[in-house]
Amino acid sequence: MSKADEIFRTMCRDILDRGFSTEGQNVRARWADDGAPAHTRKLFGVVNRYDLQEEFPALTLRRTPMKNCIDEILWIWQKKSNRVSELHSHIWDAWADGDGTIGKAYGYQLGIKYRFSQGEMDQVDNVLWQLKNNPYSRRIITNIYNFQDLSEMGLEPCAYSMTFNVTGNKLNGILNQRSQDVLVANNWNVVQYAVLMHMLAQVSGLEAGELVHVIADAHIYDRHEAIVEELISRPSFPAPSFKLNPEIKNFYDFTLDDFIIENYKTNPQIKNIPVAV
């Protein structure tokens with residue numbers, strides 16, 4: 001059975017049973033349909049570990065939309081874009097400005113060039129250079145939480161930092177996230193960064209190792225609690241298989257057609273989840 005399901009169940013059960021409720025506090029988020037305060041039950045400092053050699057960490061409790069997940073990670077890390085029209089999904093539409101961008105957020109930050117010891121390049125190209133030329137460095141880091149630009153972002157980054165570490169021939173990574181809507185976004189983010197790890201490993205002559213996901217504020221919204229209870233009561237299926245086109249050796253050559261997900265059996269999708277913004 002899927003270990004990603006086990007990790008998700010344990011995290012959700014822990015939040016529901018031990019989480020702190022924000023009821024009665026002044027909260028920023030509002031429900032999109034009626035504008036009421038969107039309260040949460042939360043835990044601080046959740047850490048989940050996924051062995052990418054063991055399985056591809058997709059939930060089977062419900063279906064994770066793989067193509068849209070991968071499309072967004074390519075939009076951020078490969079295209080380094082902030083323009084919502086360049087996405088196939090509409091997940092960023094609510095945060096777009098009049099120019100059709102999310103401001104100086106996410107992909108925009110990864111496209112900014114800095115002066116490194118090996119030359120001028122952006123953060124993604126620095127990671128690629130380090131993995132090729134200095135793979136055992138303990139300084140292979142990206143960070144898009146740029147304080148100078150926060151006021152010009154449609155949304156301050158949730159998943160904001162990656163730390164990469166090569167052990168033997170395995171590429172490991174730590175994803176740091178300041179906040180997460182567990183029902184809506186947890187497996188979306190896990191799948192995205194698992195895919196990113198596989199991409200970076202392949203073009204660097206490495207194997208994807210362990211993805212460690214650190215969530216500062218892992219929360220379940222009050223109107224999601226009953227949905228989560230039903231979701232984690234469902235049976236699990238084996239994790240799907242994941243393959244990359246082995247001919248791709250350049251990070252910027254990957255397209256959606258180069259990602260193959262097979263044998264992905266899941267429970268029914270959940271529809272009409274209440275949205276907090």
# chains A, B, ... in the order shown; residues from 1 in each chain; ligands from 1

$ closest_atom_pairs --of "range 167-235 of chain A" --to "range 78-87 of chain A" --cutoff "12 Å" --atoms "only C-alpha atoms" --output "tab-separated table"
residue	atom	partner	partner_atom	distance
A:Leu196	CA	A:Gln78	CA	9.9
A:Met199	CA	A:Gln78	CA	10.7
A:Leu200	CA	A:Gln78	CA	11.1

$ select_by_dssp --residues "range 64-254 of chain A" --states "helix (DSSP H, G or I)" --output "PDB file with C-alpha atoms, in the first residue's frame"
ATOM      1  CA  MET A  66      -0.461  14.861 -11.908  1.00  0.00           C
ATOM      2  CA  LYS A  67      -0.302  16.883 -15.116  1.00  0.00           C
ATOM      3  CA  ASN A  68      -1.372  20.097 -13.388  1.00  0.00           C
ATOM      4  CA  CYS A  69       1.111  19.516 -10.546  1.00  0.00           C
ATOM      5  CA  ILE A  70       3.967  18.959 -12.958  1.00  0.00           C
ATOM      6  CA  ASP A  71       2.883  21.863 -15.161  1.00  0.00           C
ATOM      7  CA  GLU A  72       3.110  24.232 -12.179  1.00  0.00           C
ATOM      8  CA  ILE A  73       6.548  23.044 -11.060  1.00  0.00           C
ATOM      9  CA  LEU A  74       7.805  23.520 -14.634  1.00  0.00           C
ATOM     10  CA  TRP A  75       6.195  26.984 -14.664  1.00  0.00           C
ATOM     11  CA  ILE A  76       8.078  27.940 -11.496  1.00  0.00           C
ATOM     12  CA  TRP A  77      11.431  26.161 -11.852  1.00  0.00           C
ATOM     13  CA  VAL A  84      -0.860  32.917 -15.095  1.00  0.00           C
ATOM     14  CA  SER A  85      -1.685  32.534 -18.807  1.00  0.00           C
ATOM     15  CA  GLU A  86       1.394  30.300 -19.116  1.00  0.00           C
ATOM     16  CA  ASP A  93      -6.096  33.193 -11.054  1.00  0.00           C
ATOM     17  CA  ALA A  94      -7.337  34.528  -7.691  1.00  0.00           C
ATOM     18  CA  TRP A  95      -3.918  36.074  -6.976  1.00  0.00           C
ATOM     19  CA  GLY A 107       9.144  31.822 -10.739  1.00  0.00           C
ATOM     20  CA  TYR A 108      10.032  35.499 -10.929  1.00  0.00           C
ATOM     21  CA  GLN A 109      12.343  35.075  -7.938  1.00  0.00           C
ATOM     22  CA  LEU A 110      14.050  32.003  -9.383  1.00  0.00           C
ATOM     23  CA  GLN A 123      19.256  30.210  -8.459  1.00  0.00           C
ATOM     24  CA  VAL A 124      18.156  27.261 -10.602  1.00  0.00           C
ATOM     25  CA  ASP A 125      21.248  27.439 -12.783  1.00  0.00           C
ATOM     26  CA  ASN A 126      23.384  27.660  -9.668  1.00  0.00           C
ATOM     27  CA  VAL A 127      21.833  24.424  -8.365  1.00  0.00           C
ATOM     28  CA  LEU A 128      22.468  22.720 -11.712  1.00  0.00           C
ATOM     29  CA  TRP A 129      26.061  23.989 -11.794  1.00  0.00           C
ATOM     30  CA  GLN A 130      26.740  22.876  -8.212  1.00  0.00           C
ATOM     31  CA  LEU A 131      25.287  19.398  -8.775  1.00  0.00           C
ATOM     32  CA  LYS A 132      27.522  18.964 -11.815  1.00  0.00           C
ATOM     33  CA  ASN A 133      30.700  20.577 -10.548  1.00  0.00           C
ATOM     34  CA  PHE A 147      11.857  40.477   1.754  1.00  0.00           C
ATOM     35  CA  GLN A 148      12.627  43.315  -0.642  1.00  0.00           C
ATOM     36  CA  ASP A 149       9.896  42.127  -3.019  1.00  0.00           C
ATOM     37  CA  LEU A 150       7.223  40.813  -0.617  1.00  0.00           C
ATOM     38  CA  SER A 151       5.021  43.891  -1.013  1.00  0.00           C
ATOM     39  CA  GLU A 152       4.915  43.280  -4.776  1.00  0.00           C
ATOM     40  CA  VAL A 182      -3.271  20.168   4.141  1.00  0.00           C
ATOM     41  CA  LEU A 183      -6.420  18.966   2.358  1.00  0.00           C
ATOM     42  CA  VAL A 184      -6.000  21.102  -0.742  1.00  0.00           C
ATOM     43  CA  ALA A 185      -2.243  21.363  -1.160  1.00  0.00           C
ATOM     44  CA  ASN A 186      -0.289  18.709   0.727  1.00  0.00           C
ATOM     45  CA  ASN A 187       0.068  15.973  -1.855  1.00  0.00           C
ATOM     46  CA  TRP A 188       0.139  18.534  -4.671  1.00  0.00           C
ATOM     47  CA  ASN A 189       3.364  19.946  -3.191  1.00  0.00           C
ATOM     48  CA  VAL A 190       4.819  16.528  -2.336  1.00  0.00           C
ATOM     49  CA  VAL A 191       4.277  15.265  -5.888  1.00  0.00           C
ATOM     50  CA  GLN A 192       5.714  18.451  -7.400  1.00  0.00           C
ATOM     51  CA  TYR A 193       8.936  18.388  -5.446  1.00  0.00           C
ATOM     52  CA  ALA A 194       9.333  14.630  -5.851  1.00  0.00           C
ATOM     53  CA  VAL A 195       9.174  15.242  -9.612  1.00  0.00           C
ATOM     54  CA  LEU A 196      11.684  18.090  -9.305  1.00  0.00           C
ATOM     55  CA  MET A 197      14.061  15.827  -7.392  1.00  0.00           C
ATOM     56  CA  HIS A 198      13.846  13.187 -10.123  1.00  0.00           C
ATOM     57  CA  MET A 199      14.465  15.812 -12.823  1.00  0.00           C
ATOM     58  CA  LEU A 200      17.502  17.308 -11.116  1.00  0.00           C
ATOM     59  CA  ALA A 201      18.919  13.880 -10.305  1.00  0.00           C
ATOM     60  CA  GLN A 202      18.608  12.609 -13.862  1.00  0.00           C
ATOM     61  CA  VAL A 203      20.310  15.587 -15.510  1.00  0.00           C
ATOM     62  CA  ASP A 222     -12.766  24.094   9.921  1.00  0.00           C
ATOM     63  CA  ARG A 223     -15.003  23.447   6.900  1.00  0.00           C
ATOM     64  CA  HIS A 224     -12.584  20.721   5.746  1.00  0.00           C
ATOM     65  CA  GLU A 225     -12.526  18.634   8.928  1.00  0.00           C
ATOM     66  CA  ALA A 226     -15.421  16.322   8.018  1.00  0.00           C
ATOM     67  CA  ILE A 227     -13.996  15.870   4.515  1.00  0.00           C
ATOM     68  CA  VAL A 228     -10.592  14.930   5.921  1.00  0.00           C
ATOM     69  CA  GLU A 229     -12.139  12.464   8.381  1.00  0.00           C
ATOM     70  CA  GLU A 230     -13.865  10.668   5.508  1.00  0.00           C
ATOM     71  CA  LEU A 231     -10.770  10.835   3.306  1.00  0.00           C
ATOM     72  CA  ILE A 232      -8.405   9.204   5.788  1.00  0.00           C
ATOM     73  CA  PHE A 251      16.845  20.348 -17.290  1.00  0.00           C
ATOM     74  CA  TYR A 252      15.262  22.852 -19.666  1.00  0.00           C
ATOM     75  CA  ASP A 253      14.343  20.214 -22.256  1.00  0.00           C
TER      76      ASP A 253
END

$ residues_around --residues "Asp258 in chain A" --least-positions-apart "6" --cutoff "9 Å" --atoms "only C-alpha atoms" --output "list in words"
Lys243, Leu244, Asn245, Pro246 and Ile248 of chain A

$ residues_around --residues "range 47-58 of chain A" --least-positions-apart "2" --cutoff "7 Å" --atoms "only C-alpha atoms" --output "ChimeraX atom specification"
/A:4,45,60,64,187,191,208-215,239-242

$ atom_distance --atom1 "CA of Val27 in chain A" --atom2 "CA of His90 in chain A"
25.2 Å

$ atom_distance --atom1 "CA of Glu23 in chain A" --atom2 "CA of His39 in chain A"
5.8 Å

$ atom_distance --atom1 "CA of Leu206 in chain A" --atom2 "CA of Leu175 in chain A"
18.7 Å

$ closest_residue --among "A:Ile144, A:Ala32, A:Leu43, A:Leu59" --to "Lys265 in chain A" --atoms "only C-alpha atoms"
A:Leu59

$ select_by_dssp --residues "range 17-130 of chain A" --states "strand (DSSP E)" --output "PDB file with C-alpha atoms, in the first residue's frame"
ATOM      1  CA  PHE A  20      -4.643  24.145  18.064  1.00  0.00           C
ATOM      2  CA  SER A  21      -7.878  25.790  16.928  1.00  0.00           C
ATOM      3  CA  THR A  40      -8.081  26.259  11.157  1.00  0.00           C
ATOM      4  CA  ARG A  41      -6.861  23.495  13.395  1.00  0.00           C
ATOM      5  CA  LYS A  42      -3.068  23.478  13.147  1.00  0.00           C
ATOM      6  CA  LEU A  43       0.218  21.948  14.244  1.00  0.00           C
ATOM      7  CA  PHE A  44       3.585  23.675  14.206  1.00  0.00           C
ATOM      8  CA  GLY A  45       6.691  22.060  12.758  1.00  0.00           C
ATOM      9  CA  VAL A  46       5.429  18.970  10.915  1.00  0.00           C
ATOM     10  CA  VAL A  47       8.195  16.919   9.258  1.00  0.00           C
ATOM     11  CA  ASN A  48       7.401  14.204   6.697  1.00  0.00           C
ATOM     12  CA  ARG A  49      10.014  12.041   4.948  1.00  0.00           C
ATOM     13  CA  TYR A  50       9.573  10.346   1.565  1.00  0.00           C
ATOM     14  CA  ASP A  51      12.034   7.769   0.205  1.00  0.00           C
ATOM     15  CA  LYS A 113      20.433  36.555 -11.518  1.00  0.00           C
ATOM     16  CA  TYR A 114      23.061  36.813  -8.781  1.00  0.00           C
ATOM     17  CA  ARG A 115      26.819  36.973  -8.822  1.00  0.00           C
ATOM     18  CA  PHE A 116      28.175  33.598  -7.689  1.00  0.00           C
ATOM     19  CA  GLY A 119      29.715  33.601 -12.570  1.00  0.00           C
ATOM     20  CA  GLU A 120      26.415  35.415 -12.894  1.00  0.00           C
ATOM     21  CA  MET A 121      23.364  33.150 -12.992  1.00  0.00           C
ATOM     22  CA  ASP A 122      19.993  32.554 -11.358  1.00  0.00           C
TER      23      ASP A 122
END

$ decode --residues "range 162-246 of chain A" --atoms "C-alpha atoms" --output "PDB file, in the first residue's frame"
ATOM      1  CA  MET A 162      14.936  23.954  -1.069  1.00  0.00           C
ATOM      2  CA  THR A 163      18.176  22.583   0.376  1.00  0.00           C
ATOM      3  CA  PHE A 164      19.881  19.899  -1.699  1.00  0.00           C
ATOM      4  CA  ASN A 165      22.400  17.392  -0.404  1.00  0.00           C
ATOM      5  CA  VAL A 166      24.189  14.607  -2.271  1.00  0.00           C
ATOM      6  CA  THR A 167      25.016  11.463  -0.288  1.00  0.00           C
ATOM      7  CA  GLY A 168      26.840   8.857  -2.340  1.00  0.00           C
ATOM      8  CA  ASN A 169      24.945   8.897  -5.626  1.00  0.00           C
ATOM      9  CA  LYS A 170      21.635   9.985  -4.064  1.00  0.00           C
ATOM     10  CA  LEU A 171      20.218  13.483  -4.356  1.00  0.00           C
ATOM     11  CA  ASN A 172      18.291  14.391  -1.194  1.00  0.00           C
ATOM     12  CA  GLY A 173      16.283  17.529  -0.603  1.00  0.00           C
ATOM     13  CA  ILE A 174      14.525  19.481   2.140  1.00  0.00           C
ATOM     14  CA  LEU A 175      11.456  21.474   1.154  1.00  0.00           C
ATOM     15  CA  ASN A 176      10.646  24.243   3.638  1.00  0.00           C
ATOM     16  CA  GLN A 177       7.094  25.531   3.680  1.00  0.00           C
ATOM     17  CA  ARG A 178       5.809  28.303   5.946  1.00  0.00           C
ATOM     18  CA  SER A 179       2.135  27.350   5.679  1.00  0.00           C
ATOM     19  CA  GLN A 180       0.002  24.628   4.124  1.00  0.00           C
ATOM     20  CA  ASP A 181      -3.678  23.915   3.594  1.00  0.00           C
ATOM     21  CA  VAL A 182      -3.271  20.168   4.141  1.00  0.00           C
ATOM     22  CA  LEU A 183      -6.420  18.966   2.358  1.00  0.00           C
ATOM     23  CA  VAL A 184      -6.000  21.102  -0.742  1.00  0.00           C
ATOM     24  CA  ALA A 185      -2.243  21.363  -1.160  1.00  0.00           C
ATOM     25  CA  ASN A 186      -0.289  18.709   0.727  1.00  0.00           C
ATOM     26  CA  ASN A 187       0.068  15.973  -1.855  1.00  0.00           C
ATOM     27  CA  TRP A 188       0.139  18.534  -4.671  1.00  0.00           C
ATOM     28  CA  ASN A 189       3.364  19.946  -3.191  1.00  0.00           C
ATOM     29  CA  VAL A 190       4.819  16.528  -2.336  1.00  0.00           C
ATOM     30  CA  VAL A 191       4.277  15.265  -5.888  1.00  0.00           C
ATOM     31  CA  GLN A 192       5.714  18.451  -7.400  1.00  0.00           C
ATOM     32  CA  TYR A 193       8.936  18.388  -5.446  1.00  0.00           C
ATOM     33  CA  ALA A 194       9.333  14.630  -5.851  1.00  0.00           C
ATOM     34  CA  VAL A 195       9.174  15.242  -9.612  1.00  0.00           C
ATOM     35  CA  LEU A 196      11.684  18.090  -9.305  1.00  0.00           C
ATOM     36  CA  MET A 197      14.061  15.827  -7.392  1.00  0.00           C
ATOM     37  CA  HIS A 198      13.846  13.187 -10.123  1.00  0.00           C
ATOM     38  CA  MET A 199      14.465  15.812 -12.823  1.00  0.00           C
ATOM     39  CA  LEU A 200      17.502  17.308 -11.116  1.00  0.00           C
ATOM     40  CA  ALA A 201      18.919  13.880 -10.305  1.00  0.00           C
ATOM     41  CA  GLN A 202      18.608  12.609 -13.862  1.00  0.00           C
ATOM     42  CA  VAL A 203      20.310  15.587 -15.510  1.00  0.00           C
ATOM     43  CA  SER A 204      23.077  15.479 -12.861  1.00  0.00           C
ATOM     44  CA  GLY A 205      23.867  11.776 -13.208  1.00  0.00           C
ATOM     45  CA  LEU A 206      22.402  11.002  -9.765  1.00  0.00           C
ATOM     46  CA  GLU A 207      19.473   9.077  -8.329  1.00  0.00           C
ATOM     47  CA  ALA A 208      16.586  10.670  -6.463  1.00  0.00           C
ATOM     48  CA  GLY A 209      16.967   9.896  -2.756  1.00  0.00           C
ATOM     49  CA  GLU A 210      14.920  11.320   0.118  1.00  0.00           C
ATOM     50  CA  LEU A 211      12.531  14.263   0.089  1.00  0.00           C
ATOM     51  CA  VAL A 212      12.042  15.811   3.527  1.00  0.00           C
ATOM     52  CA  HIS A 213       9.032  18.119   3.798  1.00  0.00           C
ATOM     53  CA  VAL A 214       9.090  20.610   6.673  1.00  0.00           C
ATOM     54  CA  ILE A 215       5.842  22.516   7.257  1.00  0.00           C
ATOM     55  CA  ALA A 216       5.869  25.326   9.805  1.00  0.00           C
ATOM     56  CA  ASP A 217       2.074  25.716  10.008  1.00  0.00           C
ATOM     57  CA  ALA A 218       0.250  22.567   8.828  1.00  0.00           C
ATOM     58  CA  HIS A 219      -3.463  23.235   9.083  1.00  0.00           C
ATOM     59  CA  ILE A 220      -6.893  21.850   8.292  1.00  0.00           C
ATOM     60  CA  TYR A 221      -9.646  24.423   7.775  1.00  0.00           C
ATOM     61  CA  ASP A 222     -12.766  24.094   9.921  1.00  0.00           C
ATOM     62  CA  ARG A 223     -15.003  23.447   6.900  1.00  0.00           C
ATOM     63  CA  HIS A 224     -12.584  20.721   5.746  1.00  0.00           C
ATOM     64  CA  GLU A 225     -12.526  18.634   8.928  1.00  0.00           C
ATOM     65  CA  ALA A 226     -15.421  16.322   8.018  1.00  0.00           C
ATOM     66  CA  ILE A 227     -13.996  15.870   4.515  1.00  0.00           C
ATOM     67  CA  VAL A 228     -10.592  14.930   5.921  1.00  0.00           C
ATOM     68  CA  GLU A 229     -12.139  12.464   8.381  1.00  0.00           C
ATOM     69  CA  GLU A 230     -13.865  10.668   5.508  1.00  0.00           C
ATOM     70  CA  LEU A 231     -10.770  10.835   3.306  1.00  0.00           C
ATOM     71  CA  ILE A 232      -8.405   9.204   5.788  1.00  0.00           C
ATOM     72  CA  SER A 233     -10.922   6.417   6.461  1.00  0.00           C
ATOM     73  CA  ARG A 234     -10.638   5.200   2.865  1.00  0.00           C
ATOM     74  CA  PRO A 235      -8.620   2.132   1.819  1.00  0.00           C
ATOM     75  CA  SER A 236      -5.200   2.492   0.195  1.00  0.00           C
ATOM     76  CA  PHE A 237      -3.864   1.119  -3.068  1.00  0.00           C
ATOM     77  CA  PRO A 238      -0.255   0.549  -4.171  1.00  0.00           C
ATOM     78  CA  ALA A 239       1.638   3.690  -5.177  1.00  0.00           C
ATOM     79  CA  PRO A 240       1.835   4.388  -8.920  1.00  0.00           C
ATOM     80  CA  SER A 241       5.019   3.973 -10.925  1.00  0.00           C
ATOM     81  CA  PHE A 242       6.841   7.058 -12.161  1.00  0.00           C
ATOM     82  CA  LYS A 243       9.259   7.339 -15.059  1.00  0.00           C
ATOM     83  CA  LEU A 244      11.120  10.125 -16.808  1.00  0.00           C
ATOM     84  CA  ASN A 245      12.120  10.103 -20.440  1.00  0.00           C
ATOM     85  CA  PRO A 246      15.710   8.812 -20.029  1.00  0.00           C
TER      86      PRO A 246
END
